[in-house]
Structures are given as structure tokens and as C-alpha cells.
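K.L.:
CSV, C-alpha atoms, saved as final-v8.csv, coming up:
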```
chain,number,residue,atom,x,y,z
D,294,ALA,CA,5.6,-6.0,15.4
D,295,LEU,CA,8.5,-7.4,17.4
D,296,GLY,CA,9.7,-7.4,21.0
D,297,PRO,CA,13.3,-8.1,22.2
D,298,ALA,CA,13.9,-11.5,23.6
D,299,GLY,CA,14.0,-11.6,27.4
D,300,TYR,CA,11.8,-8.5,27.8
D,301,PRO,CA,8.2,-9.5,28.2
D,302,GLY,CA,5.6,-6.8,27.6
D,303,VAL,CA,7.9,-4.8,25.4
D,304,VAL,CA,6.8,-4.7,21.7
D,305,TYR,CA,7.8,-2.4,18.8
D,306,ALA,CA,5.9,-1.9,15.6
D,307,THR,CA,6.5,0.0,12.4
D,308,GLY,CA,4.2,1.7,10.0
D,309,THR,CA,3.7,4.1,7.1
D,310,SER,CA,5.0,7.7,6.9
D,311,GLY,CA,7.9,7.1,9.2
D,312,MET,CA,5.8,6.1,12.2
D,313,ILE,CA,7.1,3.8,15.0
D,314,PHE,CA,5.0,2.5,17.8
D,315,PHE,CA,6.0,0.8,21.1
D,316,THR,CA,4.5,-0.5,24.3
D,317,LYS,CA,6.2,-1.6,27.5
D,318,ASP,CA,3.1,-2.9,29.3
D,319,TYR,CA,1.9,-5.7,27.0
D,320,GLY,CA,-0.1,-3.3,24.9
D,321,VAL,CA,-2.1,-1.6,27.6
D,322,THR,CA,-0.7,1.7,26.4
D,323,TRP,CA,1.1,2.5,23.1
D,324,LEU,CA,3.4,5.4,22.3
D,325,SER,CA,4.3,6.7,18.9
D,326,ARG,CA,7.5,8.3,17.6
D,327,ALA,CA,8.4,9.7,14.2
D,328,HIS,CA,11.7,11.1,13.0
D,329,ALA,CA,11.2,14.7,11.9
D,330,GLU,CA,13.2,14.2,8.7
D,331,VAL,CA,12.0,10.7,7.7
D,332,THR,CA,8.5,10.2,6.3
D,333,THR,CA,9.0,7.0,4.3
D,334,ASP,CA,7.4,3.6,5.1
D,335,PHE,CA,9.2,1.2,7.4
D,336,PHE,CA,9.1,-2.5,6.8
D,337,GLY,CA,11.5,-4.2,9.3
D,338,LEU,CA,13.0,-3.7,12.8
D,339,HIS,CA,15.2,-5.5,15.3
D,340,PHE,CA,15.9,-4.7,19.0
D,341,LEU,CA,18.8,-6.2,21.0
D,342,ASP,CA,17.1,-5.3,24.3
D,343,SER,CA,14.5,-2.9,25.6
D,344,GLU,CA,16.7,0.2,24.6
D,345,GLU,CA,18.7,-0.4,21.5
D,346,GLY,CA,17.3,-1.2,18.1
D,347,TRP,CA,17.1,-0.5,14.3
D,348,VAL,CA,14.4,0.0,11.8
D,349,VAL,CA,14.7,-0.1,7.9
D,350,GLY,CA,12.4,0.9,5.1
D,351,GLN,CA,12.0,2.7,1.7
D,352,ASP,CA,14.9,4.4,-0.1
D,353,GLY,CA,17.4,2.5,2.0
D,354,VAL,CA,16.5,4.3,5.2
D,355,ILE,CA,18.0,2.9,8.4
D,356,LEU,CA,17.3,4.4,11.9
D,357,HIS,CA,19.0,3.6,15.2
D,358,THR,CA,17.9,4.2,18.8
D,359,THR,CA,19.6,3.6,22.1
D,360,ASP,CA,16.9,4.9,24.4
D,361,GLY,CA,14.0,2.5,23.7
D,362,GLY,CA,12.7,4.5,20.7
D,363,LEU,CA,12.3,7.9,22.3
D,364,GLY,CA,14.9,9.3,19.9
D,365,TRP,CA,16.2,8.0,16.5
D,366,GLU,CA,19.3,8.8,14.5
D,367,VAL,CA,19.6,8.3,10.7
D,368,GLN,CA,22.4,6.0,9.5
D,369,THR,CA,23.9,6.0,6.0
D,370,SER,CA,23.1,2.8,4.1
D,371,ASN,CA,24.7,3.8,0.8
D,372,THR,CA,21.7,2.4,-1.1
D,373,MET,CA,18.4,3.7,-2.3
D,374,GLN,CA,16.9,0.2,-2.5
D,375,THR,CA,14.0,-0.5,-0.2
D,376,LEU,CA,15.1,-2.5,2.9
D,377,ASN,CA,12.7,-5.1,4.2
D,378,ASP,CA,14.4,-6.6,7.3
D,379,VAL,CA,17.3,-6.1,9.6
D,380,TYR,CA,19.0,-8.3,12.3
D,381,PHE,CA,21.9,-7.7,14.8
D,382,ILE,CA,23.7,-10.4,16.8
D,383,ASN,CA,25.1,-7.8,19.2
D,384,ASN,CA,25.5,-4.0,19.2
D,385,ARG,CA,28.2,-4.1,16.5
D,386,TYR,CA,27.4,-6.8,13.9
D,387,GLY,CA,24.2,-6.6,11.8
D,388,TRP,CA,22.7,-7.3,8.4
D,389,ALA,CA,19.9,-5.7,6.3
D,390,VAL,CA,18.2,-7.1,3.2
D,391,GLY,CA,15.9,-5.7,0.6
D,392,GLN,CA,14.9,-5.0,-3.0
D,393,ASN,CA,16.9,-6.3,-5.9
D,394,MET,CA,18.5,-8.9,-3.6
D,395,THR,CA,20.3,-6.2,-1.6
D,396,VAL,CA,22.4,-7.4,1.3
D,397,LEU,CA,24.1,-5.0,3.7
D,398,HIS,CA,26.5,-5.7,6.6
D,399,THR,CA,27.9,-3.5,9.4
D,400,TYR,CA,30.5,-4.2,12.0
D,401,ASP,CA,30.3,-0.9,13.9
D,402,TYR,CA,26.6,-0.8,15.0
D,403,GLY,CA,25.6,0.8,11.7
D,404,GLU,CA,28.0,3.7,11.5
D,405,THR,CA,29.1,2.2,8.1
D,406,TRP,CA,27.2,-0.3,6.0
D,407,GLN,CA,28.8,-2.4,3.2
D,408,ALA,CA,27.2,-4.4,0.4
D,409,GLN,CA,27.5,-8.1,0.4
D,410,ARG,CA,26.7,-10.4,-2.5
D,411,SER,CA,23.5,-12.4,-2.4
D,412,CYS,CA,23.4,-16.1,-3.2
D,413,VAL,CA,20.7,-15.5,-5.8
D,414,GLU,CA,21.0,-13.3,-8.9
D,415,ALA,CA,17.5,-12.2,-9.7
D,416,PRO,CA,17.1,-8.6,-10.9
D,417,GLY,CA,13.8,-7.2,-9.8
D,418,GLY,CA,13.5,-9.8,-7.0
D,419,ALA,CA,13.7,-9.0,-3.3
D,420,LEU,CA,14.9,-10.4,0.0
D,421,TYR,CA,12.3,-10.1,2.8
D,422,ALA,CA,13.9,-11.7,5.8
D,423,VAL,CA,17.3,-12.2,7.5
D,424,LEU,CA,18.1,-14.1,10.7
D,425,PHE,CA,21.3,-15.0,12.5
D,426,LEU,CA,22.0,-17.2,15.5
D,427,ASP,CA,22.3,-15.1,18.6
D,428,GLY,CA,25.7,-14.7,20.2
D,429,ALA,CA,28.5,-12.3,20.2
D,430,SER,CA,30.6,-14.2,17.7
D,431,SER,CA,27.8,-15.9,15.7
D,432,ARG,CA,28.5,-16.0,11.9
D,433,GLU,CA,25.7,-18.4,11.1
D,434,GLY,CA,22.6,-17.0,9.4
D,435,TRP,CA,19.9,-17.2,6.8
D,436,MET,CA,18.0,-14.9,4.4
D,437,ALA,CA,14.9,-15.5,2.3
D,438,GLY,CA,12.9,-13.9,-0.5
D,439,ASP,CA,11.5,-14.1,-4.0
D,440,TYR,CA,11.8,-17.2,-6.3
D,441,GLY,CA,11.9,-19.4,-3.2
D,442,ALA,CA,15.3,-18.1,-2.3
D,443,LEU,CA,16.7,-19.4,1.1
D,444,CYS,CA,20.4,-18.7,1.6
D,445,TYR,CA,22.7,-19.9,4.4
D,446,THR,CA,26.0,-18.6,5.6
D,447,THR,CA,28.6,-19.7,8.2
D,448,SER,CA,31.0,-16.8,7.4
D,449,GLY,CA,29.0,-13.8,8.6
D,450,GLY,CA,27.7,-13.3,5.0
D,451,ASN,CA,31.0,-13.2,3.3
D,452,ALA,CA,29.7,-16.3,1.3
D,453,TRP,CA,26.2,-17.5,1.0
D,454,GLU,CA,25.0,-20.9,-0.1
D,455,VAL,CA,21.5,-21.8,-1.5
D,456,GLU,CA,19.6,-24.1,0.9
D,457,GLU,CA,18.2,-27.2,-0.8
D,458,LEU,CA,14.4,-27.0,-0.7
D,459,PRO,CA,11.6,-29.2,-2.3
D,460,ARG,CA,11.4,-28.4,-6.0
D,461,GLU,CA,7.9,-26.9,-5.7
D,462,LEU,CA,9.1,-24.3,-3.2
D,463,THR,CA,11.8,-22.9,-5.5
D,464,ALA,CA,9.6,-22.0,-8.4
D,465,ALA,CA,9.5,-18.5,-9.7
D,466,SER,CA,6.0,-18.0,-8.2
D,467,THR,CA,7.1,-18.8,-4.6
D,468,THR,CA,8.0,-15.9,-2.2
D,469,LEU,CA,9.4,-16.5,1.3
D,470,TYR,CA,8.6,-13.7,3.7
D,471,SER,CA,9.8,-14.6,7.1
D,472,ILE,CA,12.3,-16.8,9.0
D,473,THR,CA,12.1,-17.7,12.7
D,474,ARG,CA,13.6,-20.5,14.8
D,475,ASN,CA,12.9,-22.5,17.9
D,476,LEU,CA,14.9,-20.9,20.7
D,477,LYS,CA,15.2,-24.2,22.5
D,478,GLY,CA,16.6,-26.0,19.5
D,479,ARG,CA,17.9,-25.6,15.9
D,480,GLN,CA,14.5,-26.0,14.1
D,481,LEU,CA,14.1,-23.3,11.5
D,482,TYR,CA,10.6,-22.1,10.3
D,483,VAL,CA,10.1,-20.3,7.0
D,484,THR,CA,6.7,-18.9,5.8
D,485,GLY,CA,5.7,-17.6,2.4
D,486,LEU,CA,3.2,-17.6,-0.5
D,487,ASP,CA,2.9,-19.4,-3.8
D,488,ASP,CA,1.5,-16.9,-6.3
D,489,GLY,CA,1.1,-19.7,-8.9
D,490,LEU,CA,-1.3,-21.5,-6.7
D,491,SER,CA,-3.1,-18.2,-5.9
D,492,GLY,CA,-3.4,-17.6,-9.6
D,493,LEU,CA,-4.8,-21.1,-10.1
D,494,ASP,CA,-7.4,-20.5,-7.4
D,495,ASP,CA,-8.3,-17.2,-9.1
D,496,GLY,CA,-8.6,-19.0,-12.5
D,497,LEU,CA,-10.8,-21.8,-11.0
D,498,SER,CA,-13.0,-19.2,-9.3
D,499,GLY,CA,-13.4,-17.3,-12.7
D,500,LEU,CA,-14.2,-20.6,-14.4
D,501,ASP,CA,-16.9,-21.3,-11.7
D,502,ASP,CA,-18.3,-17.8,-12.3
D,503,GLY,CA,-18.3,-18.4,-16.1
D,504,LEU,CA,-20.1,-21.7,-15.7
D,505,SER,CA,-22.6,-20.1,-13.3
D,506,GLY,CA,-23.3,-17.4,-15.9
D,507,LEU,CA,-23.7,-20.0,-18.6
D,508,GLY,CA,-26.2,-21.8,-16.5
D,509,ASP,CA,-28.1,-18.6,-16.0
D,510,GLY,CA,-28.1,-18.0,-19.7
D,511,LEU,CA,-29.4,-21.5,-20.5
D,512,SER,CA,-32.1,-21.0,-17.8
D,513,GLY,CA,-33.1,-17.8,-19.5
D,514,LEU,CA,-33.2,-19.5,-22.9
D,515,ASP,CA,-35.5,-22.2,-21.5
D,516,ASP,CA,-37.8,-19.5,-20.1
D,517,GLY,CA,-37.8,-17.8,-23.5
D,518,LEU,CA,-38.6,-21.1,-25.3
D,519,SER,CA,-41.4,-21.8,-22.8
D,520,GLY,CA,-42.9,-18.4,-23.5
D,521,TRP,CA,-42.6,-19.1,-27.2
D,522,ASP,CA,-44.4,-22.4,-26.7
D,523,ASP,CA,-47.2,-20.5,-24.9
D,524,GLU,CA,-47.5,-18.0,-27.7
D,525,LEU,CA,-47.7,-20.9,-30.3
D,526,SER,CA,-50.3,-22.7,-28.2
D,527,GLY,CA,-52.4,-19.4,-28.0
D,528,LEU,CA,-52.0,-19.1,-31.8
D,529,ASP,CA,-53.3,-22.6,-32.3
D,530,ASP,CA,-56.3,-21.9,-30.1
D,531,GLY,CA,-57.0,-18.8,-32.1
D,532,LEU,CA,-56.8,-20.6,-35.4
D,533,SER,CA,-59.1,-23.4,-34.0
D,534,GLY,CA,-61.6,-20.8,-32.9
D,535,LEU,CA,-61.4,-19.2,-36.4
D,536,ASP,CA,-62.1,-22.6,-37.9
D,537,ASP,CA,-65.1,-23.0,-35.6
D,538,GLY,CA,-66.4,-19.6,-36.7
D,539,LEU,CA,-66.0,-20.4,-40.4
D,540,SER,CA,-67.7,-23.7,-39.9
D,541,GLY,CA,-70.6,-22.0,-38.2
D,542,LEU,CA,-70.8,-19.5,-41.0
D,543,ASP,CA,-71.0,-22.3,-43.5
D,544,ASP,CA,-73.8,-23.9,-41.5
D,545,GLY,CA,-75.7,-20.6,-41.5
D,546,LEU,CA,-75.3,-20.1,-45.2
D,547,SER,CA,-76.5,-23.7,-45.8
D,548,GLY,CA,-79.6,-23.1,-43.7
D,549,LEU,CA,-80.3,-19.9,-45.6
D,550,ASP,CA,-80.1,-21.8,-48.9
D,551,ASP,CA,-82.5,-24.4,-47.6
D,552,GLY,CA,-84.9,-21.7,-46.5
```
The structure in this file should be written as C-alpha cells.
P.N.:
Amino acid sequence: ALGPAGYPGVVYATGTSGMIFFTKDYGVTWLSRAHAEVTTDFFGLHFLDSEEGWVVGQDGVILHTTDGGLGWEVQTSNTMQTLNDVYFINNRYGWAVGQNMTVLHTYDYGETWQAQRSCVEAPGGALYAVLFLDGASSREGWMAGDYGALCYTTSGGNAWEVEELPRELTAASTTLYSITRNLKGRQLYVTGLDDGLSGLDDGLSGLDDGLSGLGDGLSGLDDGLSGWDDELSGLDDGLSGLDDGLSGLDDGLSGLDDG
């Protein structure tokens, strides 16, 4: 979900099957809109103000509205790659990023979209976030995605450079999902997930389960051995009783002989 800066109470959200939701009263009431010809899932959106915005999603779909989401028009992206995020610095210049490190740029509010080269060559990987500094002439921006990719441009995306991050954040298992910045300064915030650490957690959890199962097995073995000890003790008692019976029989035979 996202609301345009400077418009409190206005929030837009995207969903599956081409659904778009919005509120203009801080969420007290929500309205839904769907394009009759678009039923794919949406993953990213960006609004310049309370009226004009774009959404992107599966199969390279891009929709544009100029009436606050009441009506949407389909724009031609010239790609079938899933698009995960979109950002406009004004009503002309925008960028969209997505699967297979796809980067698209428009200079005419989305009437035409052109491919730009990513700073990371990673077939099968994806870019999940794009952000530019606001301003009619801003050409400074970032994008982020799989393999810890964080790219930076000062040329409006004509050339991208890889940002230097700590080594542990650029591993193949690291995915960066979002970028935001402090509006009062130049601090940039990036969030993501380290699948390697997640896999390690799963492995340790499985090890704990295995050790717990081993403990249960040993406990059951102890119970079985205890039961076996009880059986042997009962057998000893039975044999002792048999010995007593045989001894009594001998005494009886002895007394009979004496008689």
C-alpha cells in the first residue's frame, strides 16, 4: 500500500486478479477498482498526487490513471517480464523494474517504455524496488533486488553503478525488497532477506527435532530394558519357587522312606 506524499488520508493498495483498492479518508472507507481486460496480479504502484498514478504487475502489465483510480488505461511496456515496482519523478519521467533484472524507462508519462541496462547481470534474478529523488529534473536514483543488488545512477538510468555494501549483504542468498529515504535528509533505507540465514535456521530447527526424536527413542529403549528387567526378576522368582517346591518334595520323599 502507498499514499502520495503531501496527501494525508489517501492510500492506494494493489492485489491479485487485477484488483486495486484506495481510500481517501484514512481507511474509514475503501473503494475497489478493476480493469475489465486485466486480471493479472499487481505488485507495485506509484502516485504523484491524489489523482495520477501507475501500477505494474505480471506479464509486463502497466496501468495509468489520471482520476484517482476511478479509471485506468493500459500502457504498452514491450515486455512480458513481471514488473515489481514503478516510480515517477513527475508526470513524464518514470522507471519500472522486474523479473530477469528488467529495467524500463519512459519520458512521456508511459506512452512509450524503453529498456535500460541493469548494473547486475543475473539471469533468473529480479529487481524488486526502484526509487528516485523527487524533482522535475532529478536523475539520481537507486534500484535493488536479488543477490544483494543495489544500483545507483546519476544519469537517469542511462548508466548504473553497483553500490558498495558489506560483503555479507551481497551474497547470492541475499534479496533486497524495498528502498525508502528520509524526506528531511539523504538517508537511504533498504530492507531485505537473507535466505541463507533462513536456511540455517531451518537446518538447526531440524537438528533440534532430530535430537528430540533421538531422546524419545532412548527413553523408549530405557522403558523396554526396565520391562525386560522386570520380566527377568519374575522369572528368577518363579525359578526360586520351583526350587522350594522341589526341596519340599525331597523332604516329603525322605519322610516317606523313614516311615
K.L.:
If we draw a sphere of 9 Å around (4.5, 3.0, 11.3), which residues have at least one atom in it when counting all atoms listed in the file? Please report them as JSON, numbers by chain.
P.N.:
{"D": [306, 307, 308, 309, 310, 311, 312, 313, 314, 325, 326, 327, 334, 335, 336]}
K.L.:
Can you list, as a PyMOL selection string, every protein, DNA or RNA residue that comes within 7 Å of region 376-380 of chain D when you count only C-alpha atoms, leaving out same-chain residues fewer than 4 positions away?
P.N.:
chain D and resi 336-339+349-351+353+387-392+421-424
K.L.:
Select, counting all atoms listed in the file, all protein, DNA and RNA residues no farther than 12 Å from (14.3, -22.9, 11.0) in file coordinates, and express the selection as a PDB file with C-alpha atoms, in the coordinates of the input.
P.N.:
```pdb
ATOM      1  CA  VAL D 423      17.300 -12.200   7.500  1.00  0.00           C
ATOM      2  CA  LEU D 424      18.100 -14.100  10.700  1.00  0.00           C
ATOM      3  CA  PHE D 425      21.300 -15.000  12.500  1.00  0.00           C
ATOM      4  CA  LEU D 426      22.000 -17.200  15.500  1.00  0.00           C
ATOM      5  CA  GLY D 434      22.600 -17.000   9.400  1.00  0.00           C
ATOM      6  CA  TRP D 435      19.900 -17.200   6.800  1.00  0.00           C
ATOM      7  CA  MET D 436      18.000 -14.900   4.400  1.00  0.00           C
ATOM      8  CA  ALA D 437      14.900 -15.500   2.300  1.00  0.00           C
ATOM      9  CA  LEU D 443      16.700 -19.400   1.100  1.00  0.00           C
ATOM     10  CA  CYS D 444      20.400 -18.700   1.600  1.00  0.00           C
ATOM     11  CA  TYR D 445      22.700 -19.900   4.400  1.00  0.00           C
ATOM     12  CA  GLU D 456      19.600 -24.100   0.900  1.00  0.00           C
ATOM     13  CA  SER D 471       9.800 -14.600   7.100  1.00  0.00           C
ATOM     14  CA  ILE D 472      12.300 -16.800   9.000  1.00  0.00           C
ATOM     15  CA  THR D 473      12.100 -17.700  12.700  1.00  0.00           C
ATOM     16  CA  ARG D 474      13.600 -20.500  14.800  1.00  0.00           C
ATOM     17  CA  ASN D 475      12.900 -22.500  17.900  1.00  0.00           C
ATOM     18  CA  LEU D 476      14.900 -20.900  20.700  1.00  0.00           C
ATOM     19  CA  LYS D 477      15.200 -24.200  22.500  1.00  0.00           C
ATOM     20  CA  GLY D 478      16.600 -26.000  19.500  1.00  0.00           C
ATOM     21  CA  ARG D 479      17.900 -25.600  15.900  1.00  0.00           C
ATOM     22  CA  GLN D 480      14.500 -26.000  14.100  1.00  0.00           C
ATOM     23  CA  LEU D 481      14.100 -23.300  11.500  1.00  0.00           C
ATOM     24  CA  TYR D 482      10.600 -22.100  10.300  1.00  0.00           C
ATOM     25  CA  VAL D 483      10.100 -20.300   7.000  1.00  0.00           C
ATOM     26  CA  THR D 484       6.700 -18.900   5.800  1.00  0.00           C
TER      27      THR D 484
END
```
K.L.:
Which one is closest to Tyr440 (chain D): D:Thr467, D:Gly417, D:Asp537, D:Glu457? Count only C-alpha atoms.
P.N.:
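So, comparing all the options, the nearest one is D:Thr467.
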K.L.:
Go through D:Glu330, D:Asp487, D:Glu345, D:Asp543 one by one, measure the shortest atom-to-atom distance of each to Tyr402 (chain D) using only C-alpha atoms, and give the residue with the smallest value.
P.N.:
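Comparing D:Glu330, D:Asp487, D:Glu345, D:Asp543 against Tyr402 (chain D), the winner is D:Glu345.
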K.L.:
With all atoms listed in the file as the basis for distance, which of D:Leu324, D:Leu469, D:Ile382, D:Val303 is at the shortest distance from Ala419 (chain D)?
P.N.:
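Among the listed residues, the smallest separation from Ala419 (chain D) belongs to D:Leu469.
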K.L.:
Could you tell me how far CA of Trp347 (chain D) sits from CA of His398 (chain D), in Å to one decimal place?
P.N.:
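Computing the Euclidean distance for CA of His398 (chain D) and CA of Trp347 (chain D) yields 13.2 Å.
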K.L.:
Between CA of Phe381 (chain D) and CA of Cys412 (chain D), what is the spacing in Å?
P.N.:
19.9 Å
K.L.:
Have a look at CA of Tyr400 (chain D) and CA of Glu454 (chain D) and let me know their distance in Å, one decimal.
P.N.:
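One can read the CA of Tyr400 (chain D) to CA of Glu454 (chain D) distance as 21.3 Å.
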K.L.:
Tell me which of D:Asp342, D:Glu433, D:Asp509, D:Asp439 sits closest to Thr468 (chain D), counting only C-alpha atoms.
P.N.:
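Of all the options, D:Asp439 lies closest to Thr468 (chain D).
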K.L.:
Just checking: using all atoms listed in the file, which residue out of D:Ser370, D:Val348, D:Thr375, D:Val396 ends up closest to Val413 (chain D)?
P.N.:
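Among the listed residues, the smallest separation from Val413 (chain D) belongs to D:Val396.
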K.L.:
Which residue out of D:Leu511, D:Val455, D:Leu420, D:Val304 has the minimum interatomic distance to Tyr470 (chain D) when all atoms listed in the file are used?
P.N.:
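The shortest atom-to-atom distance to Tyr470 (chain D) comes from D:Leu420.
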